[in-house]
Number of protein chains: 2
Amino acid sequence: MENFTFKNETRIIFGKGTEHCAGDEIKKITDRVLIHYGKSSIKESGLYERVIHSLTQAGVTFMELGGVEPNPRLDLVQKGIKLCRENKIKFILGIGGGSVIDSAKAIAVGVPYSGDVWDFYCGKAVPVESLGVGTILTIPAAGSESSPSSVITNMDGQLKRGLTNDLLHPVFSILNPELTYTLPAWQTACGAADIMAHIMERYFTNTYSVELTDRLCEATMKTVIENVPRCLSTPDDYNSRAEIMWAGTVAHNDLLGTGRNGDWASHQIEHEISGIYDVAHGAGLAVVFPAWMKYVYKSNIPRFVQFASRVWNVEIDFQNQERTAYEGILRLESFFSSIGLPIRLAGMSIGDDRIGEMADKATGNGKWTAGNFVKLSRDDIAAILRSAV
Amino acid sequence: MENFTFKNETRIIFGKGTEHCAGDEIKKITDRVLIHYGKSSIKESGLYERVIHSLTQAGVTFMELGGVEPNPRLDLVQKGIKLCRENKIKFILGIGGGSVIDSAKAIAVGVPYSGDVWDFYCGKAVPVESLGVGTILTIPAAGSESSPSSVITNMDGQLKRGLTNDLLHPVFSILNPELTYTLPAWQTACGAADIMAHIMERYFTNTYSVELTDRLCEATMKTVIENVPRCLSTPDDYNSRAEIMWAGTVAHNDLLGTGRNGDWASHQIEHEISGIYDVAHGAGLAVVFPAWMKYVYKSNIPRFVQFASRVWNVEIDFQNQERTAYEGILRLESFFSSIGLPIRLAGMSIGDDRIGEMADKATGNGKWTAGNFVKLSRDDIAAILRSAV
């Protein structure tokens, strides 16, 4: 086990009707807020109205900035920063999924910074202060509701880049599983793939003796695998929605990464895909992860046997453990397929014509490698992408 | 699943050599501290000296108060409060196990309060402010290093009472598994029973559809069950010590209780035992828990079958699930026995002469019940204790 530090300051407010707490939670901190959201869905569902009512009741005034797109854009972040500065706003309430929350975090960290907020995302600067962020989550997926991370896309260069800093932990996050009843099946499935990916990125490690976190990862993956089909067949099943929503947070609050080095190559590769093609992150991960696994599993057969046995209940073939390891990968692939996700690039209408470009971007034109479980070169990444065509 | 809120502010600093951070961590907050500890063991092990060195290097001055006993006493807490007030100390560093940390928390919460700190423990008052507490943990057991709880014994009446309040989360906790190499086998085993008990108190719930937390509980219990024997056979096995130390924290930071009602009757009953007989809390729990289980398991056979199957790998007898449920209890009992713990009161030299008194105290002379899984009357508790003689 490796040394680690662990702290997660986000206050989780979980359960039925919890969006009604938003006003009171913000009032503890400030009486003026920017509400930040995506398209019209929060208005159609009535959530917008309930939140406004809660803010008004608590005596919190607000400005608003909607229009966040999936793979949230730098230009809207910059607009939000300007709005907050001009109106002396000190707190941002993100209402939506990971894209909205990531965008809210980017605005929050950009407001007190004199330079361009993109500096933080391309590694030119490190944030030292941030406005506070609260969230009302509507899509269990990204884990951004309690993570210290944010991913933003700069359309100038189609670059999708992440920032991780403890300042980015939301102050509070409101998680009401009822808000996910109306999620389309596609978004439910993409979210599940994202959650699974966050766990698998941590699970596939070469750090030995991380038994507790192994078992916590396995517990969370099994919960996702069992409950996603229930959410798809019965979209308003509260308990299944609640399991997925809580699993999405636990998957990415970094408890499951304590004491070990994660991999994160698949995320890096997927960021290049969705940076260029603007596909759903979860769908991209459903394509990349099995392809990555097939490329690397022979480097650590025991770990893939553990994955197959403990997570997928594959009977171990003790005489041919490689076969068991491979069977676990096939089960994951078949799970993604069963919930309606693509498992090949073709399933997202992506061909092989820009594979070289993606491999270049993921490795700084071959200057660095991706991942820790196996360090992948530019050529490795191109090979993985080709195998996923 | 029930609605819940979850937040844990304690910063965990985990791993080899981490006690050297103590000075720098405190210096971020203050430059004067009370160090609080038990008997001579931290001096014999060299830990005391390393901590003093770290404080001195960081420019932190200190006063000290040693002498905390297992089942920490109110009178020493009161002495600590006086010392902090007289010397205007604003931060307490507890170095030791749960007793030391609980005592440090009691001092911290008592200093700013004008009345007697015992008011908080007997429910006469609720704390509204507290000094900060940091900890260096030497015994994985109580989970106090990141819990919001403290348990203190008032020798006047042999009352052992707990306080839970968010103010009681330590600011930071330093967990170095190396510090546990020299723990006697007895303390290692008692600690394991305490950790198991913290999980089982949450696991035995009548809340349905708490699958993720069920699985996280099972994951943590399995880790404890597998690693304690390794710690006993090879006391300086870093990885096993690390698994137990981290499991002890995870078991009681309340993640495993999210979305469900725990039971806590066994803790309440055990507090009456150790309040009177001053036995080790973990040993008392090893006696009480199986006795409690045998008394209540028929009220929810499926939950005990799940415990038997998932935690103890008992093959399910589908035609006679009651037998499977009971087998799980026997496996727990045999586990406690195998690591050297008593499973009967006689094993702690306790007879049946004060059972009525303990049942009275646990229920306010029959005015209230104990536990949630099954609500236990005074007579139920007396019956459980008699069955454990």
# chains A, B, ... in the order shown; residues from 1 in each chain; ligands from 1
call {"tool": "select_by_dssp", "arguments": {"residues": "range 258-315 of chain B", "states": "helix (DSSP H, G or I)", "output": "NGL selection string"}}
result
:B and (265-277 or 281-312)
call {"tool": "closest_atom_pairs", "arguments": {"of": "chain B", "to": "chain A", "cutoff": "6 Å", "atoms": "only C-alpha atoms", "output": "Markdown table"}}
result
| residue | atom | partner | partner_atom | distance |
| --- | --- | --- | --- | --- |
| B:Asn3 | CA | A:Gly15 | CA | 4.2 |
| B:Phe4 | CA | A:Phe14 | CA | 5.2 |
| B:Thr5 | CA | A:Ile13 | CA | 4.5 |
| B:Phe6 | CA | A:Ile12 | CA | 5.0 |
| B:Lys7 | CA | A:Arg11 | CA | 4.6 |
| B:Glu9 | CA | A:Glu9 | CA | 5.3 |
| B:Arg11 | CA | A:Lys7 | CA | 4.6 |
| B:Ile12 | CA | A:Phe6 | CA | 5.0 |
| B:Ile13 | CA | A:Thr5 | CA | 4.5 |
| B:Phe14 | CA | A:Phe4 | CA | 5.2 |
| B:Gly15 | CA | A:Asn3 | CA | 4.2 |
| B:Leu212 | CA | A:Thr223 | CA | 5.7 |
| B:Arg215 | CA | A:Ala219 | CA | 5.0 |
| B:Leu216 | CA | A:Leu216 | CA | 5.6 |
| B:Ala219 | CA | A:Arg215 | CA | 5.0 |
| B:Thr223 | CA | A:Leu212 | CA | 5.7 |
call {"tool": "closest_residue", "arguments": {"among": "B:Met63, B:Val311, B:Ile101, B:Ile107", "to": "Pro148 in chain B", "atoms": "only C-alpha atoms"}}
result
B:Ile101
call {"tool": "residues_around", "arguments": {"residues": "Gly351 in chain B", "least_positions_apart": "3", "cutoff": "7 Å", "atoms": "only C-alpha atoms", "output": "list in words"}}
result
Leu345, Ala346 and Val389 of chain B
call {"tool": "write_last_selection", "arguments": {"atoms": "C-alpha atoms", "output": "PDB file, in the first residue's frame"}}
result
ATOM      1  CA  LEU B 345     -18.658 -13.118  30.228  1.00  0.00           C
ATOM      2  CA  ALA B 346     -16.869 -15.781  32.261  1.00  0.00           C
ATOM      3  CA  VAL B 389     -22.545 -15.917  31.023  1.00  0.00           C
TER       4      VAL B 389
END
call {"tool": "closest_residue", "arguments": {"among": "A:Leu330, A:Ala308, A:Val279, A:Val288", "to": "Leu385 in chain A", "atoms": "only C-alpha atoms"}}
result
A:Val288
call {"tool": "residues_around", "arguments": {"residues": "Arg386 in chain B", "least_positions_apart": "5", "cutoff": "10 Å", "atoms": "only C-alpha atoms", "output": "PyMOL selection string"}}
result
chain B and resi 291+344-345+351-353+355-356+380-381
call {"tool": "residues_around", "arguments": {"residues": "range 182-191 of chain A", "least_positions_apart": "6", "cutoff": "10 Å", "atoms": "only C-alpha atoms", "output": "PyMOL selection string"}}
result
chain A and resi 41+45+97-98+138-143+197+228-229+231-233+235-236+241+244-245+248+280-286+336-342
call {"tool": "select_by_dssp", "arguments": {"residues": "range 94-329 of chain B", "states": "strand (DSSP E or B)", "output": "compact mmCIF listing (two decimals) with C-alpha atoms, in the first residue's frame"}}
result
# COMPACT_ATOMS: atom_id res chain seq x y z
CA GLY B 94 -4.09 13.23 20.92
CA ILE B 95 -1.42 10.54 20.54
CA GLY B 96 -2.74 7.06 21.17
CA GLY B 132 -9.42 21.81 17.14
CA VAL B 133 -8.11 18.28 17.63
CA GLY B 134 -5.42 16.44 15.69
CA THR B 135 -4.56 12.81 16.27
CA ILE B 136 -1.72 10.36 15.83
CA LEU B 137 -3.35 6.96 16.00
CA SER B 149 -17.94 10.74 18.54
CA SER B 150 -16.34 10.53 21.96
CA VAL B 151 -17.09 8.17 24.86
CA ILE B 152 -16.17 9.12 28.42
CA THR B 153 -16.58 7.31 31.74
CA ASN B 154 -17.76 9.12 34.83
CA LEU B 159 -21.45 5.72 33.83
CA LYS B 160 -19.94 5.39 30.35
CA ARG B 161 -21.65 7.76 27.94
CA GLY B 162 -21.10 8.91 24.38
CA LEU B 163 -21.37 12.24 22.59
CA THR B 164 -21.80 12.59 18.83
CA PHE B 172 -6.38 15.81 10.83
CA SER B 173 -5.44 12.29 11.77
CA ILE B 174 -2.06 10.74 11.18
CA LEU B 175 -2.21 6.99 10.60
call {"tool": "atom_distance", "arguments": {"atom1": "CA of Asn261 in chain B", "atom2": "CA of Arg202 in chain B"}}
result
7.0 Å
call {"tool": "decode", "arguments": {"residues": "range 120-196 of chain B", "atoms": "C-alpha atoms", "output": "PDB file, in the first residue's frame"}}
result
ATOM      1  CA  PHE B 120     -22.803  17.062  26.838  1.00  0.00           C
ATOM      2  CA  TYR B 121     -22.419  13.369  27.622  1.00  0.00           C
ATOM      3  CA  CYS B 122     -25.556  12.994  29.688  1.00  0.00           C
ATOM      4  CA  GLY B 123     -27.638  14.987  27.196  1.00  0.00           C
ATOM      5  CA  LYS B 124     -28.164  18.117  29.304  1.00  0.00           C
ATOM      6  CA  ALA B 125     -26.507  20.413  26.750  1.00  0.00           C
ATOM      7  CA  VAL B 126     -25.361  20.443  23.127  1.00  0.00           C
ATOM      8  CA  PRO B 127     -21.931  21.829  22.199  1.00  0.00           C
ATOM      9  CA  VAL B 128     -21.792  24.812  19.855  1.00  0.00           C
ATOM     10  CA  GLU B 129     -18.037  25.272  19.607  1.00  0.00           C
ATOM     11  CA  SER B 130     -14.857  23.321  20.125  1.00  0.00           C
ATOM     12  CA  LEU B 131     -11.098  23.639  20.018  1.00  0.00           C
ATOM     13  CA  GLY B 132      -9.423  21.810  17.140  1.00  0.00           C
ATOM     14  CA  VAL B 133      -8.111  18.282  17.630  1.00  0.00           C
ATOM     15  CA  GLY B 134      -5.417  16.438  15.692  1.00  0.00           C
ATOM     16  CA  THR B 135      -4.556  12.812  16.274  1.00  0.00           C
ATOM     17  CA  ILE B 136      -1.715  10.363  15.833  1.00  0.00           C
ATOM     18  CA  LEU B 137      -3.352   6.965  15.996  1.00  0.00           C
ATOM     19  CA  THR B 138      -1.542   4.028  17.583  1.00  0.00           C
ATOM     20  CA  ILE B 139      -4.403   1.509  17.955  1.00  0.00           C
ATOM     21  CA  PRO B 140      -6.780   0.759  15.073  1.00  0.00           C
ATOM     22  CA  ALA B 141     -10.079   0.123  16.798  1.00  0.00           C
ATOM     23  CA  ALA B 142     -12.386   2.896  17.894  1.00  0.00           C
ATOM     24  CA  GLY B 143     -12.498   4.843  14.639  1.00  0.00           C
ATOM     25  CA  SER B 144     -12.436   8.008  16.711  1.00  0.00           C
ATOM     26  CA  GLU B 145      -9.695   9.374  14.447  1.00  0.00           C
ATOM     27  CA  SER B 146     -12.307  10.438  11.913  1.00  0.00           C
ATOM     28  CA  SER B 147     -15.600   9.983  13.721  1.00  0.00           C
ATOM     29  CA  PRO B 148     -17.702  12.727  15.297  1.00  0.00           C
ATOM     30  CA  SER B 149     -17.936  10.736  18.541  1.00  0.00           C
ATOM     31  CA  SER B 150     -16.344  10.531  21.959  1.00  0.00           C
ATOM     32  CA  VAL B 151     -17.089   8.171  24.857  1.00  0.00           C
ATOM     33  CA  ILE B 152     -16.174   9.119  28.423  1.00  0.00           C
ATOM     34  CA  THR B 153     -16.580   7.307  31.736  1.00  0.00           C
ATOM     35  CA  ASN B 154     -17.762   9.121  34.833  1.00  0.00           C
ATOM     36  CA  MET B 155     -16.504   7.066  37.790  1.00  0.00           C
ATOM     37  CA  ASP B 156     -19.154   8.711  39.906  1.00  0.00           C
ATOM     38  CA  GLY B 157     -21.901   6.192  39.098  1.00  0.00           C
ATOM     39  CA  GLN B 158     -19.704   4.107  36.772  1.00  0.00           C
ATOM     40  CA  LEU B 159     -21.447   5.720  33.829  1.00  0.00           C
ATOM     41  CA  LYS B 160     -19.943   5.389  30.350  1.00  0.00           C
ATOM     42  CA  ARG B 161     -21.647   7.761  27.945  1.00  0.00           C
ATOM     43  CA  GLY B 162     -21.104   8.914  24.378  1.00  0.00           C
ATOM     44  CA  LEU B 163     -21.374  12.243  22.589  1.00  0.00           C
ATOM     45  CA  THR B 164     -21.798  12.594  18.829  1.00  0.00           C
ATOM     46  CA  ASN B 165     -21.519  15.999  17.188  1.00  0.00           C
ATOM     47  CA  ASP B 166     -19.922  17.189  13.930  1.00  0.00           C
ATOM     48  CA  LEU B 167     -17.681  19.501  15.947  1.00  0.00           C
ATOM     49  CA  LEU B 168     -15.873  16.375  17.146  1.00  0.00           C
ATOM     50  CA  HIS B 169     -14.361  15.447  13.752  1.00  0.00           C
ATOM     51  CA  PRO B 170     -10.594  15.813  14.151  1.00  0.00           C
ATOM     52  CA  VAL B 171      -8.982  18.375  11.869  1.00  0.00           C
ATOM     53  CA  PHE B 172      -6.384  15.815  10.832  1.00  0.00           C
ATOM     54  CA  SER B 173      -5.435  12.295  11.769  1.00  0.00           C
ATOM     55  CA  ILE B 174      -2.058  10.744  11.178  1.00  0.00           C
ATOM     56  CA  LEU B 175      -2.207   6.995  10.604  1.00  0.00           C
ATOM     57  CA  ASN B 176       1.115   5.192  10.375  1.00  0.00           C
ATOM     58  CA  PRO B 177       0.634   1.410  10.381  1.00  0.00           C
ATOM     59  CA  GLU B 178       4.252   0.951  11.537  1.00  0.00           C
ATOM     60  CA  LEU B 179       3.225   2.385  14.906  1.00  0.00           C
ATOM     61  CA  THR B 180       1.019  -0.670  15.447  1.00  0.00           C
ATOM     62  CA  TYR B 181       3.799  -3.278  15.061  1.00  0.00           C
ATOM     63  CA  THR B 182       4.379  -3.315  18.804  1.00  0.00           C
ATOM     64  CA  LEU B 183       0.731  -3.657  19.806  1.00  0.00           C
ATOM     65  CA  PRO B 184       0.214  -6.691  22.022  1.00  0.00           C
ATOM     66  CA  ALA B 185      -1.829  -9.463  20.362  1.00  0.00           C
ATOM     67  CA  TRP B 186      -4.599  -8.797  22.857  1.00  0.00           C
ATOM     68  CA  GLN B 187      -4.989  -5.177  21.785  1.00  0.00           C
ATOM     69  CA  THR B 188      -4.792  -6.088  18.107  1.00  0.00           C
ATOM     70  CA  ALA B 189      -7.610  -8.574  18.615  1.00  0.00           C
ATOM     71  CA  CYS B 190      -9.731  -6.228  20.734  1.00  0.00           C
ATOM     72  CA  GLY B 191      -9.295  -3.561  18.086  1.00  0.00           C
ATOM     73  CA  ALA B 192     -10.452  -5.960  15.373  1.00  0.00           C
ATOM     74  CA  ALA B 193     -13.584  -6.787  17.370  1.00  0.00           C
ATOM     75  CA  ASP B 194     -14.312  -3.087  17.779  1.00  0.00           C
ATOM     76  CA  ILE B 195     -13.899  -2.492  14.032  1.00  0.00           C
ATOM     77  CA  MET B 196     -16.114  -5.462  13.171  1.00  0.00           C
TER      78      MET B 196
END
